[in-house]
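**Q** Contents of upload-v2.txt (compact mmCIF, C-alpha atoms) are below:
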# COMPACT_ATOMS: atom_id res chain seq x y z
CA MET A 1 -47.57 25.24 34.61
CA GLU A 2 -49.42 22.53 36.49
CA TYR A 3 -51.99 22.32 33.72
CA LEU A 4 -49.33 22.06 31.03
CA VAL A 5 -47.64 19.24 32.88
CA ALA A 6 -50.98 17.52 33.37
CA ILE A 7 -51.53 17.40 29.62
CA GLY A 8 -48.10 15.94 29.01
CA CYS A 9 -45.72 18.85 28.41
CA THR A 10 -42.07 18.36 29.36
CA ASP A 11 -39.00 20.59 29.56
CA LYS A 12 -36.39 18.28 28.11
CA TYR A 13 -34.12 21.06 26.91
CA ALA A 14 -34.58 23.42 29.87
CA HIS A 15 -36.37 26.18 27.96
CA ALA A 16 -38.81 26.84 30.77
CA MET A 17 -36.02 26.68 33.33
CA ILE A 18 -33.96 29.19 31.34
CA ASN A 19 -36.89 31.59 31.05
CA ALA A 20 -37.56 31.29 34.77
CA ALA A 21 -33.89 32.05 35.48
CA ARG A 22 -34.02 35.12 33.24
CA LYS A 23 -36.94 36.46 35.28
CA GLY A 24 -35.50 35.46 38.65
CA HIS A 25 -38.36 33.10 39.47
CA LEU A 26 -36.67 30.66 41.85
CA ASN A 27 -39.96 29.10 42.98
CA CYS A 28 -40.78 28.26 39.37
CA ILE A 29 -37.36 26.69 38.94
CA LYS A 30 -37.87 24.53 42.01
CA TRP A 31 -41.27 23.39 40.78
CA LEU A 32 -40.09 22.67 37.26
CA LEU A 33 -37.13 20.72 38.55
CA GLU A 34 -39.32 18.30 40.44
CA HIS A 35 -42.32 18.06 38.11
CA THR A 36 -41.36 18.44 34.47
CA TYR A 37 -37.67 18.93 33.80
CA GLN A 38 -35.98 15.97 32.16
CA TYR A 39 -32.20 16.13 32.19
CA HIS A 40 -30.56 15.42 28.83
CA PRO A 41 -26.75 15.39 28.41
CA GLN A 42 -27.08 17.33 25.15
CA GLY A 43 -29.62 19.77 26.56
CA SER A 44 -29.28 23.32 27.85
CA ALA A 45 -29.09 22.82 31.59
CA ASP A 46 -25.82 24.73 31.81
CA ARG A 47 -27.49 27.86 30.38
CA VAL A 48 -29.71 28.19 33.45
CA VAL A 49 -26.80 29.23 35.65
CA VAL A 50 -25.32 31.47 32.95
CA GLU A 51 -28.59 33.37 32.52
CA ALA A 52 -29.05 33.76 36.27
CA ALA A 53 -25.52 35.13 36.64
CA LYS A 54 -25.94 37.45 33.66
CA LEU A 55 -29.01 39.03 35.23
CA GLY A 56 -27.68 39.10 38.79
CA TYR A 57 -29.90 36.50 40.47
CA LEU A 58 -27.55 35.32 43.18
CA ASN A 59 -30.27 33.36 45.00
CA ILE A 60 -30.67 31.10 41.96
CA LEU A 61 -26.93 30.44 41.82
CA GLU A 62 -26.93 29.58 45.51
CA PHE A 63 -29.81 27.16 44.95
CA PHE A 64 -27.89 25.29 42.25
CA HIS A 65 -24.74 25.22 44.36
CA ALA A 66 -26.08 22.96 47.06
CA PRO A 67 -23.47 21.56 49.48
CA ARG A 68 -22.65 17.89 49.16
CA TYR A 69 -24.27 17.01 52.48
CA ALA A 70 -27.57 18.33 51.15
CA LEU A 71 -27.71 15.65 48.45
CA GLU A 72 -29.24 13.24 50.93
CA GLU A 73 -32.22 15.54 51.29
CA MET A 74 -32.79 15.86 47.55
CA SER A 75 -35.09 13.83 45.39
CA ASP A 76 -33.51 11.02 43.39
CA LYS A 77 -34.18 13.01 40.23
CA ARG A 78 -32.29 16.09 41.32
CA ARG A 79 -29.49 14.04 42.87
CA ARG A 80 -28.80 12.42 39.48
CA ILE A 81 -28.60 15.83 37.83
CA GLU A 82 -26.30 17.16 40.54
CA ASP A 83 -24.03 14.13 40.19
CA ALA A 84 -23.72 14.87 36.47
CA GLY A 85 -22.51 18.41 37.22
CA ALA A 86 -24.99 19.66 34.64
CA TRP A 87 -25.59 23.14 35.98
CA TRP A 88 -21.98 24.28 36.20
CA LYS A 89 -20.45 23.12 32.93
CA ARG A 90 -20.28 26.75 31.80
CA SER A 91 -19.24 28.27 35.10
CA ARG A 92 -16.62 30.50 33.43
CA ASP A 93 -19.26 31.85 31.08
CA ALA A 94 -21.41 32.62 34.11
CA MET A 95 -18.66 34.70 35.71
CA ASP A 96 -17.87 36.41 32.40
CA GLU A 97 -21.52 37.40 31.93
CA ALA A 98 -21.94 38.57 35.52
CA ALA A 99 -18.85 40.75 35.17
CA ALA A 100 -19.93 42.17 31.81
CA HIS A 101 -23.27 43.20 33.27
CA GLY A 102 -21.88 44.73 36.45
CA HIS A 103 -23.06 42.24 39.06
CA LEU A 104 -20.12 42.50 41.43
CA ASP A 105 -21.83 40.56 44.23
CA VAL A 106 -22.38 37.64 41.87
CA VAL A 107 -18.80 37.76 40.60
CA LYS A 108 -17.45 37.79 44.16
CA TRP A 109 -19.68 34.85 45.08
CA LEU A 110 -18.62 32.83 42.04
CA TYR A 111 -14.97 33.55 42.76
CA ALA A 112 -15.39 32.38 46.37
CA ASN A 113 -17.54 29.31 45.65
CA ARG A 114 -16.41 28.03 42.27
CA SER A 115 -12.91 27.13 41.10
CA GLU A 116 -13.32 27.66 37.35
CA GLY A 117 -12.73 31.41 37.41
CA CYS A 118 -13.36 33.62 34.36
CA THR A 119 -11.76 34.50 31.03
CA THR A 120 -10.57 37.74 29.44
CA ALA A 121 -14.20 38.21 28.35
CA ALA A 122 -15.00 39.27 31.93
CA MET A 123 -12.87 42.42 31.83
CA ASP A 124 -13.58 43.04 28.16
CA GLY A 125 -17.32 42.95 28.84
CA ALA A 126 -17.06 45.10 31.95
CA ALA A 127 -15.11 47.70 29.95
CA ARG A 128 -17.64 47.62 27.12
CA ASN A 129 -20.47 48.37 29.55
CA GLY A 130 -18.62 50.93 31.65
CA HIS A 131 -18.33 48.99 34.91
CA LEU A 132 -15.18 50.56 36.34
CA GLU A 133 -15.56 49.14 39.86
CA MET A 134 -15.79 45.67 38.34
CA LEU A 135 -12.63 46.24 36.31
CA VAL A 136 -10.67 47.37 39.35
CA TRP A 137 -11.78 44.33 41.34
CA LEU A 138 -11.04 41.83 38.56
CA ASP A 139 -7.64 43.38 37.95
CA LYS A 140 -6.77 43.09 41.63
CA ILE A 141 -8.16 39.62 42.33
CA THR A 142 -7.91 37.58 39.12
CA ASN A 143 -5.08 36.87 36.71
CA GLU A 144 -6.95 36.58 33.41
CA GLY A 145 -6.60 40.24 32.42
CA CYS A 146 -8.23 41.64 29.29
CA THR A 147 -7.54 42.04 25.59
CA LYS A 148 -7.21 45.10 23.36
CA LYS A 149 -10.96 44.84 22.82
CA ALA A 150 -11.48 46.29 26.31
CA MET A 151 -10.23 49.76 25.36
CA GLN A 152 -11.68 49.56 21.86
CA GLN A 153 -15.17 48.85 23.13
CA ALA A 154 -14.96 51.29 26.03
CA ALA A 155 -13.92 54.00 23.57
CA MET A 156 -16.73 53.09 21.18
CA LYS A 157 -19.28 53.31 24.02
CA GLY A 158 -17.90 56.57 25.36
CA HIS A 159 -16.79 55.34 28.78
CA LEU A 160 -14.11 57.96 29.40
CA GLU A 161 -13.23 56.95 32.97
CA VAL A 162 -12.84 53.34 31.91
CA VAL A 163 -10.58 54.37 29.02
CA LYS A 164 -8.47 56.47 31.40
CA TRP A 165 -8.17 53.57 33.85
CA LEU A 166 -7.21 51.09 31.14
CA ALA A 167 -4.63 53.51 29.80
CA THR A 168 -2.94 53.87 33.19
CA SER A 169 -3.56 50.48 34.82
CA ARG A 170 -3.32 47.91 32.05
CA LYS A 171 -0.53 47.03 29.63
CA GLU A 172 -2.66 46.22 26.55
CA GLY A 173 -2.38 49.86 25.49
CA CYS A 174 -3.98 51.99 22.83
CA SER A 175 -4.08 51.49 19.08
CA VAL A 176 -5.21 53.22 15.90
CA GLU A 177 -8.42 51.18 16.08
CA VAL A 178 -9.22 52.55 19.56
CA VAL A 179 -8.92 56.14 18.30
CA GLU A 180 -11.02 55.39 15.24
CA TYR A 181 -13.73 53.71 17.33
CA ALA A 182 -13.99 56.78 19.57
CA ILE A 183 -14.18 59.20 16.65
CA ILE A 184 -16.78 57.45 14.54
CA SER A 185 -18.94 56.79 17.61
CA ASP A 186 -19.23 60.53 18.32
CA ASN A 187 -17.39 60.10 21.61
CA LEU A 188 -15.17 63.10 21.10
CA ARG A 189 -14.29 63.54 24.80
CA VAL A 190 -12.77 60.07 24.68
CA ALA A 191 -11.16 60.84 21.34
CA SER A 192 -9.67 64.05 22.78
CA PHE A 193 -8.17 62.15 25.71
CA LEU A 194 -6.67 59.59 23.36
CA GLN A 195 -5.24 62.26 21.07
CA LYS A 196 -3.53 64.03 23.96
CA ASN A 197 -2.16 60.85 25.55
CA PHE A 198 -1.51 58.73 22.47
CA PRO A 199 -0.72 61.20 19.66
CA GLN A 200 1.17 58.48 17.78
CA TYR A 201 -2.09 56.71 16.96
CA ALA A 202 -3.79 58.75 14.23
CA PRO A 203 -6.67 57.57 12.04
CA ASP A 204 -5.41 55.93 8.86
CA LYS A 205 -8.18 56.66 6.42
CA SER A 206 -8.56 58.64 3.17
CA ASP A 207 -11.97 60.02 4.12
CA LEU A 208 -14.55 59.92 6.90
CA TRP A 209 -14.91 56.15 6.85
CA ILE A 210 -18.24 55.80 8.72
CA TRP A 211 -20.92 58.43 9.16
CA PRO A 212 -21.40 59.26 12.84
CA GLN A 213 -24.59 60.96 14.05
CA ASN A 214 -22.89 64.36 14.22
CA ILE A 215 -20.79 64.42 11.08
CA PHE A 216 -19.84 68.08 11.24
CA ASP A 217 -18.45 68.02 14.80
CA THR A 218 -16.51 64.87 13.95
CA LEU A 219 -14.98 66.47 10.88
CA LEU A 220 -14.01 69.57 12.86
CA PHE A 221 -12.42 67.38 15.51
CA ILE A 222 -10.30 65.51 12.96
CA GLN A 223 -9.37 68.75 11.22
CA ALA A 224 -8.25 70.40 14.47
CA ASN A 225 -6.50 67.41 16.06
CA TYR A 226 -5.20 65.42 13.11
CA PRO A 227 -4.29 67.98 10.43
CA ASP A 228 -1.97 65.47 8.78
CA VAL A 229 -5.00 63.21 8.30
CA PHE A 230 -7.49 65.87 7.26
CA THR A 231 -5.73 66.77 4.03
CA LEU A 232 -7.24 68.36 0.95
CA ASP A 233 -7.81 64.90 -0.49
CA PHE A 234 -9.41 63.70 2.78
CA GLY A 235 -11.93 66.54 2.55
CA ARG A 236 -12.59 65.90 -1.13
CA HIS A 237 -13.05 62.15 -0.67
CA THR A 238 -15.42 62.81 2.23
CA ARG A 239 -17.38 65.31 0.12
CA VAL A 240 -17.73 62.83 -2.74
CA SER A 241 -18.87 60.04 -0.40
CA LEU A 242 -21.30 62.28 1.45
CA THR A 243 -22.80 63.55 -1.81
CA SER A 244 -24.17 60.11 -2.59
CA ASP A 245 -25.11 59.17 0.99
CA CYS A 246 -26.46 62.26 2.74
CA SER A 247 -30.18 62.50 3.43
CA LYS A 248 -30.63 64.70 6.52
CA GLY A 249 -30.69 68.46 6.62
CA SER A 250 -27.61 68.55 8.85
CA ASP A 251 -25.76 66.38 6.34
CA LEU A 252 -26.62 68.86 3.59
CA LEU A 253 -25.15 71.70 5.63
CA THR A 254 -21.99 69.68 6.15
CA LEU A 255 -21.85 68.95 2.45
CA LYS A 256 -22.15 72.67 1.70
CA TRP A 257 -19.21 73.36 4.04
CA LEU A 258 -17.12 70.69 2.32
CA GLU A 259 -18.01 72.08 -1.12
CA GLU A 260 -16.86 75.55 -0.05
CA HIS A 261 -13.55 74.38 1.41
CA TYR A 262 -12.73 71.16 -0.45
CA ALA A 263 -13.96 71.63 -4.00
CA GLY A 264 -12.46 69.70 -6.88
CA ARG A 265 -11.66 66.07 -7.62
CA PRO A 266 -9.58 63.97 -5.23
CA SER A 267 -6.08 63.60 -6.65
CA LYS A 268 -5.31 60.30 -4.95
CA LYS A 269 -7.03 56.96 -5.19
CA LYS A 270 -9.21 56.28 -2.20
CA LYS A 271 -7.85 53.69 0.22
CA GLU A 272 -9.80 50.49 0.74
CA VAL A 273 -12.12 51.01 3.69
CA PHE A 274 -13.11 48.21 6.02
CA PHE A 275 -16.34 48.76 7.90
CA TRP A 276 -17.26 47.29 11.27
CA THR A 277 -20.57 47.07 13.07
CA LEU A 278 -21.13 49.58 15.86
Could you take the file, read its structure, and then write that structure out as structure tokens?

**A**
Amino acid sequence: MEYLVAIGCTDKYAHAMINAARKGHLNCIKWLLEHTYQYHPQGSADRVVVEAAKLGYLNILEFFHAPRYALEEMSDKRRRIEDAGAWWKRSRDAMDEAAAHGHLDVVKWLYANRSEGCTTAAMDGAARNGHLEMLVWLDKITNEGCTKKAMQQAAMKGHLEVVKWLATSRKEGCSVEVVEYAIISDNLRVASFLQKNFPQYAPDKSDLWIWPQNIFDTLLFIQANYPDVFTLDFGRHTRVSLTSDCSKGSDLLTLKWLEEHYAGRPSKKKKEVFFWTL
């Protein structure tokens, strides 16, 4: 780094600082701050704190949260940056990212030392990544809550304990989308829990709308638990779709099973299917 600075390199948009934060290199951050970093109001200084929080580097957050009395000991350069409040303009994003990635110590520190708080993305992200302890803490301490995405994403990722907790502790509730996410993601233990506790939310599709990794088990699950969904036409539509898409040996065996039990043309027009990215 010293050589790069010597030949005239600068870090106007905080790229080096951000990379150092991602790796937890506090000494590099300190050096860059004094030797090369040039603060720019339209730059990316606020991303440094967000990246550090996302990856759990509490020591970096503490460094950028210097007490006011410490300003007198800082260089003029850093004091100007601190006065601009550059590092903490995205403080809520920092807490959201720390929560989503399970860094409870960082979240607790941010809650105690910053006033901005978090958003619903904190609990949504924690649910998506299966951080139950984080969810319990956020629910108890903060008021932001979560959205319906929390259960949807937890179901899609197969986090059964998180789904159970959301179902009993939060008011956002279940939905047809939650059940469908669990089924097409091959998370049949989650799907089974949802079917038993929310039988009113059945998949609303005319065939198997997305191919999961284990198609056959998924079809058997729908057939056993949602017989009103797995109609003759559902089986026929699925067979027709799979005929053009299957490529693996296991898919061919599934197709053979469908041909034996759901032969013939579908009698109803297939519903419009909307796909989402897993």

**Q** Quick one: distance from CA of Thr254 in chain A to CA of Glu180 in chain A in Å, one decimal?

**A** 20.2 Å

**Q** Quick one, how far is CA of Glu97 in chain A from CA of Thr142 in chain A?

**A**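 Interatomic distance here is 15.4 Å.
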
**Q** Can you pull out every residue within 6 Å of range 116-128 of chain A, counting all atoms listed in the file, but drop anything in the same chain fewer than 2 positions away, and send it as a list in words?

**A**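 Once the adjacent positions are removed, what remains is Arg92, Met95, Asp96, Ala99, Ala100, Arg114, Gly130, His131, Leu135, Glu144, Gly145, Cys146, Ala150, Gln153 and Ala154 of chain A.
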
**Q** Work out how far CA of Val163 in chain A is from CA of Met151 in chain A, in Å to one decimal.

**A** 5.9 Å

**Q** Compare A:Trp209, A:Phe221, A:Tyr111, A:Tyr201 by their minimum atom-to-atom distance to Glu177 in chain A, counting all atoms listed in the file, and give me the closest one.

**A** A:Tyr201

**Q** Would you pick out the contacts of Leu61 in chain A at 12 Å or less, using only C-alpha atoms, so that residues sharing its chain but fewer than 4 positions from it are not included, and give the list as number ranges by chain?

**A** A: 21, 24-26, 29, 46-57, 65-66, 87-88, 91, 94-95, 98, 105-107, 109-110, 113-114

**Q** What does the file look like for those residues with C-alpha atoms, as a CSV table (one decimal), keeping the file's coordinate frame?

**A**
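Written file, part13.csv:
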chain,number,residue,atom,x,y,z
A,21,ALA,CA,-33.9,32.0,35.5
A,24,GLY,CA,-35.5,35.5,38.6
A,25,HIS,CA,-38.4,33.1,39.5
A,26,LEU,CA,-36.7,30.7,41.8
A,29,ILE,CA,-37.4,26.7,38.9
A,46,ASP,CA,-25.8,24.7,31.8
A,47,ARG,CA,-27.5,27.9,30.4
A,48,VAL,CA,-29.7,28.2,33.4
A,49,VAL,CA,-26.8,29.2,35.6
A,50,VAL,CA,-25.3,31.5,33.0
A,51,GLU,CA,-28.6,33.4,32.5
A,52,ALA,CA,-29.0,33.8,36.3
A,53,ALA,CA,-25.5,35.1,36.6
A,54,LYS,CA,-25.9,37.4,33.7
A,55,LEU,CA,-29.0,39.0,35.2
A,56,GLY,CA,-27.7,39.1,38.8
A,57,TYR,CA,-29.9,36.5,40.5
A,65,HIS,CA,-24.7,25.2,44.4
A,66,ALA,CA,-26.1,23.0,47.1
A,87,TRP,CA,-25.6,23.1,36.0
A,88,TRP,CA,-22.0,24.3,36.2
A,91,SER,CA,-19.2,28.3,35.1
A,94,ALA,CA,-21.4,32.6,34.1
A,95,MET,CA,-18.7,34.7,35.7
A,98,ALA,CA,-21.9,38.6,35.5
A,105,ASP,CA,-21.8,40.6,44.2
A,106,VAL,CA,-22.4,37.6,41.9
A,107,VAL,CA,-18.8,37.8,40.6
A,109,TRP,CA,-19.7,34.8,45.1
A,110,LEU,CA,-18.6,32.8,42.0
A,113,ASN,CA,-17.5,29.3,45.6
A,114,ARG,CA,-16.4,28.0,42.3

**Q** Give me the residues within 9 Å of Gly173 in chain A as a PyMOL selection string, counting only C-alpha atoms and dropping any in the same chain fewer than 6 places off.

**A** chain A and resi 148+151+166-167

**Q** Would you list the residues near (-4.3, 62.2, 17.9) (no more than 12 Å away, in the coordinates of the file, using only C-alpha atoms) as number ranges by chain?

**A** A: 174-180, 182-183, 188, 190-204, 221-230

**Q** Give me, as an NGL selection string, all polymer residues having an atom no more than 12 Å from Leu253 in chain A, counting all atoms listed in the file and skipping those fewer than 6 positions away in the same chain.

**A** :A and (214-217 or 239 or 242-243 or 246-247 or 259-260)

**Q** Export C-alpha atoms of the chosen residues as a PDB file, keeping the file's coordinate frame?

**A**
ATOM      1  CA  ASN A 214     -22.890  64.360  14.220  1.00  0.00           C
ATOM      2  CA  ILE A 215     -20.790  64.420  11.080  1.00  0.00           C
ATOM      3  CA  PHE A 216     -19.840  68.080  11.240  1.00  0.00           C
ATOM      4  CA  ASP A 217     -18.450  68.020  14.800  1.00  0.00           C
ATOM      5  CA  ARG A 239     -17.380  65.310   0.120  1.00  0.00           C
ATOM      6  CA  LEU A 242     -21.300  62.280   1.450  1.00  0.00           C
ATOM      7  CA  THR A 243     -22.800  63.550  -1.810  1.00  0.00           C
ATOM      8  CA  CYS A 246     -26.460  62.260   2.740  1.00  0.00           C
ATOM      9  CA  SER A 247     -30.180  62.500   3.430  1.00  0.00           C
ATOM     10  CA  GLU A 259     -18.010  72.080  -1.120  1.00  0.00           C
ATOM     11  CA  GLU A 260     -16.860  75.550  -0.050  1.00  0.00           C
TER      12      GLU A 260
END

**Q** What box, with edges along x, y and z, holds each listed atom of range 101-119 of chain A when 5 Å is added on every side, and can you state its centre and edge lengths in Å to one decimal, as lines of an AutoDock Vina configuration file?

**A**
center_x = -17.5
center_y = 35.9
center_z = 38.7
size_x = 21.5
size_y = 27.6
size_z = 25.3

**Q** Nearest to Lys149 in chain A: which of A:Trp211, A:Tyr181, A:His103, A:Arg265 is it, counting all atoms listed in the file?

**A**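 Of A:Trp211, A:Tyr181, A:His103, A:Arg265, the one nearest Lys149 in chain A, counting all atoms listed in the file, is A:Tyr181.
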
**Q** Using all atoms listed in the file, find the one residue out of A:Phe63, A:Ala16, A:Ser185, A:Ala86 that sits nearest to Cys28 in chain A.

**A**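 Of the candidates, the smallest distance to Cys28 in chain A is held by A:Ala16.
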
**Q** Would you fill out range 96-122 of chain A with N, CA and C atoms and return it as a compact mmCIF listing (two decimals), keeping the file's coordinate frame?

**A**
# COMPACT_ATOMS: atom_id res chain seq x y z
N ASP A 96 -18.09 35.42 33.46
CA ASP A 96 -17.87 36.41 32.40
C ASP A 96 -19.11 37.29 32.21
N GLU A 97 -20.28 36.65 32.15
CA GLU A 97 -21.52 37.40 31.93
C GLU A 97 -21.86 38.29 33.13
N ALA A 98 -21.66 37.77 34.32
CA ALA A 98 -21.94 38.57 35.52
C ALA A 98 -21.04 39.80 35.55
N ALA A 99 -19.79 39.62 35.19
CA ALA A 99 -18.85 40.75 35.17
C ALA A 99 -19.24 41.76 34.10
N ALA A 100 -19.57 41.28 32.92
CA ALA A 100 -19.93 42.17 31.81
C ALA A 100 -21.15 43.01 32.13
N HIS A 101 -22.04 42.48 32.96
CA HIS A 101 -23.27 43.20 33.27
C HIS A 101 -23.24 43.87 34.65
N GLY A 102 -22.06 43.91 35.26
CA GLY A 102 -21.88 44.73 36.45
C GLY A 102 -22.36 44.15 37.75
N HIS A 103 -22.56 42.85 37.83
CA HIS A 103 -23.06 42.24 39.06
C HIS A 103 -21.88 41.80 39.94
N LEU A 104 -21.33 42.76 40.65
CA LEU A 104 -20.12 42.50 41.43
C LEU A 104 -20.36 41.49 42.54
N ASP A 105 -21.54 41.52 43.18
CA ASP A 105 -21.83 40.56 44.23
C ASP A 105 -21.84 39.14 43.69
N VAL A 106 -22.36 38.97 42.49
CA VAL A 106 -22.38 37.64 41.87
C VAL A 106 -20.97 37.19 41.53
N VAL A 107 -20.18 38.10 40.97
CA VAL A 107 -18.80 37.76 40.60
C VAL A 107 -18.00 37.37 41.85
N LYS A 108 -18.15 38.12 42.91
CA LYS A 108 -17.45 37.79 44.16
C LYS A 108 -17.88 36.43 44.68
N TRP A 109 -19.17 36.14 44.61
CA TRP A 109 -19.68 34.85 45.08
C TRP A 109 -19.13 33.71 44.23
N LEU A 110 -19.15 33.87 42.92
CA LEU A 110 -18.62 32.83 42.04
C LEU A 110 -17.13 32.60 42.29
N TYR A 111 -16.41 33.67 42.50
CA TYR A 111 -14.97 33.55 42.76
C TYR A 111 -14.72 32.79 44.06
N ALA A 112 -15.57 33.01 45.07
CA ALA A 112 -15.39 32.38 46.37
C ALA A 112 -15.89 30.94 46.40
N ASN A 113 -16.88 30.61 45.54
CA ASN A 113 -17.54 29.31 45.65
C ASN A 113 -17.27 28.37 44.49
N ARG A 114 -16.73 28.88 43.41
CA ARG A 114 -16.41 28.03 42.27
C ARG A 114 -14.91 28.16 41.96
N SER A 115 -14.36 27.13 41.36
CA SER A 115 -12.91 27.13 41.10
C SER A 115 -12.57 27.43 39.64
N GLU A 116 -13.60 27.53 38.78
CA GLU A 116 -13.32 27.66 37.35
C GLU A 116 -12.80 29.04 36.97
N GLY A 117 -13.18 30.07 37.71
CA GLY A 117 -12.73 31.41 37.41
C GLY A 117 -13.44 32.02 36.21
N CYS A 118 -12.77 32.92 35.51
CA CYS A 118 -13.36 33.62 34.36
C CYS A 118 -12.36 33.62 33.22
N THR A 119 -12.67 34.35 32.16
CA THR A 119 -11.76 34.50 31.03
C THR A 119 -11.53 36.00 30.79
N THR A 120 -10.78 36.33 29.78
CA THR A 120 -10.57 37.74 29.44
C THR A 120 -11.88 38.42 29.06
N ALA A 121 -12.90 37.63 28.70
CA ALA A 121 -14.20 38.21 28.35
C ALA A 121 -14.82 38.94 29.53
N ALA A 122 -14.44 38.61 30.75
CA ALA A 122 -15.00 39.27 31.93
C ALA A 122 -14.60 40.75 31.94
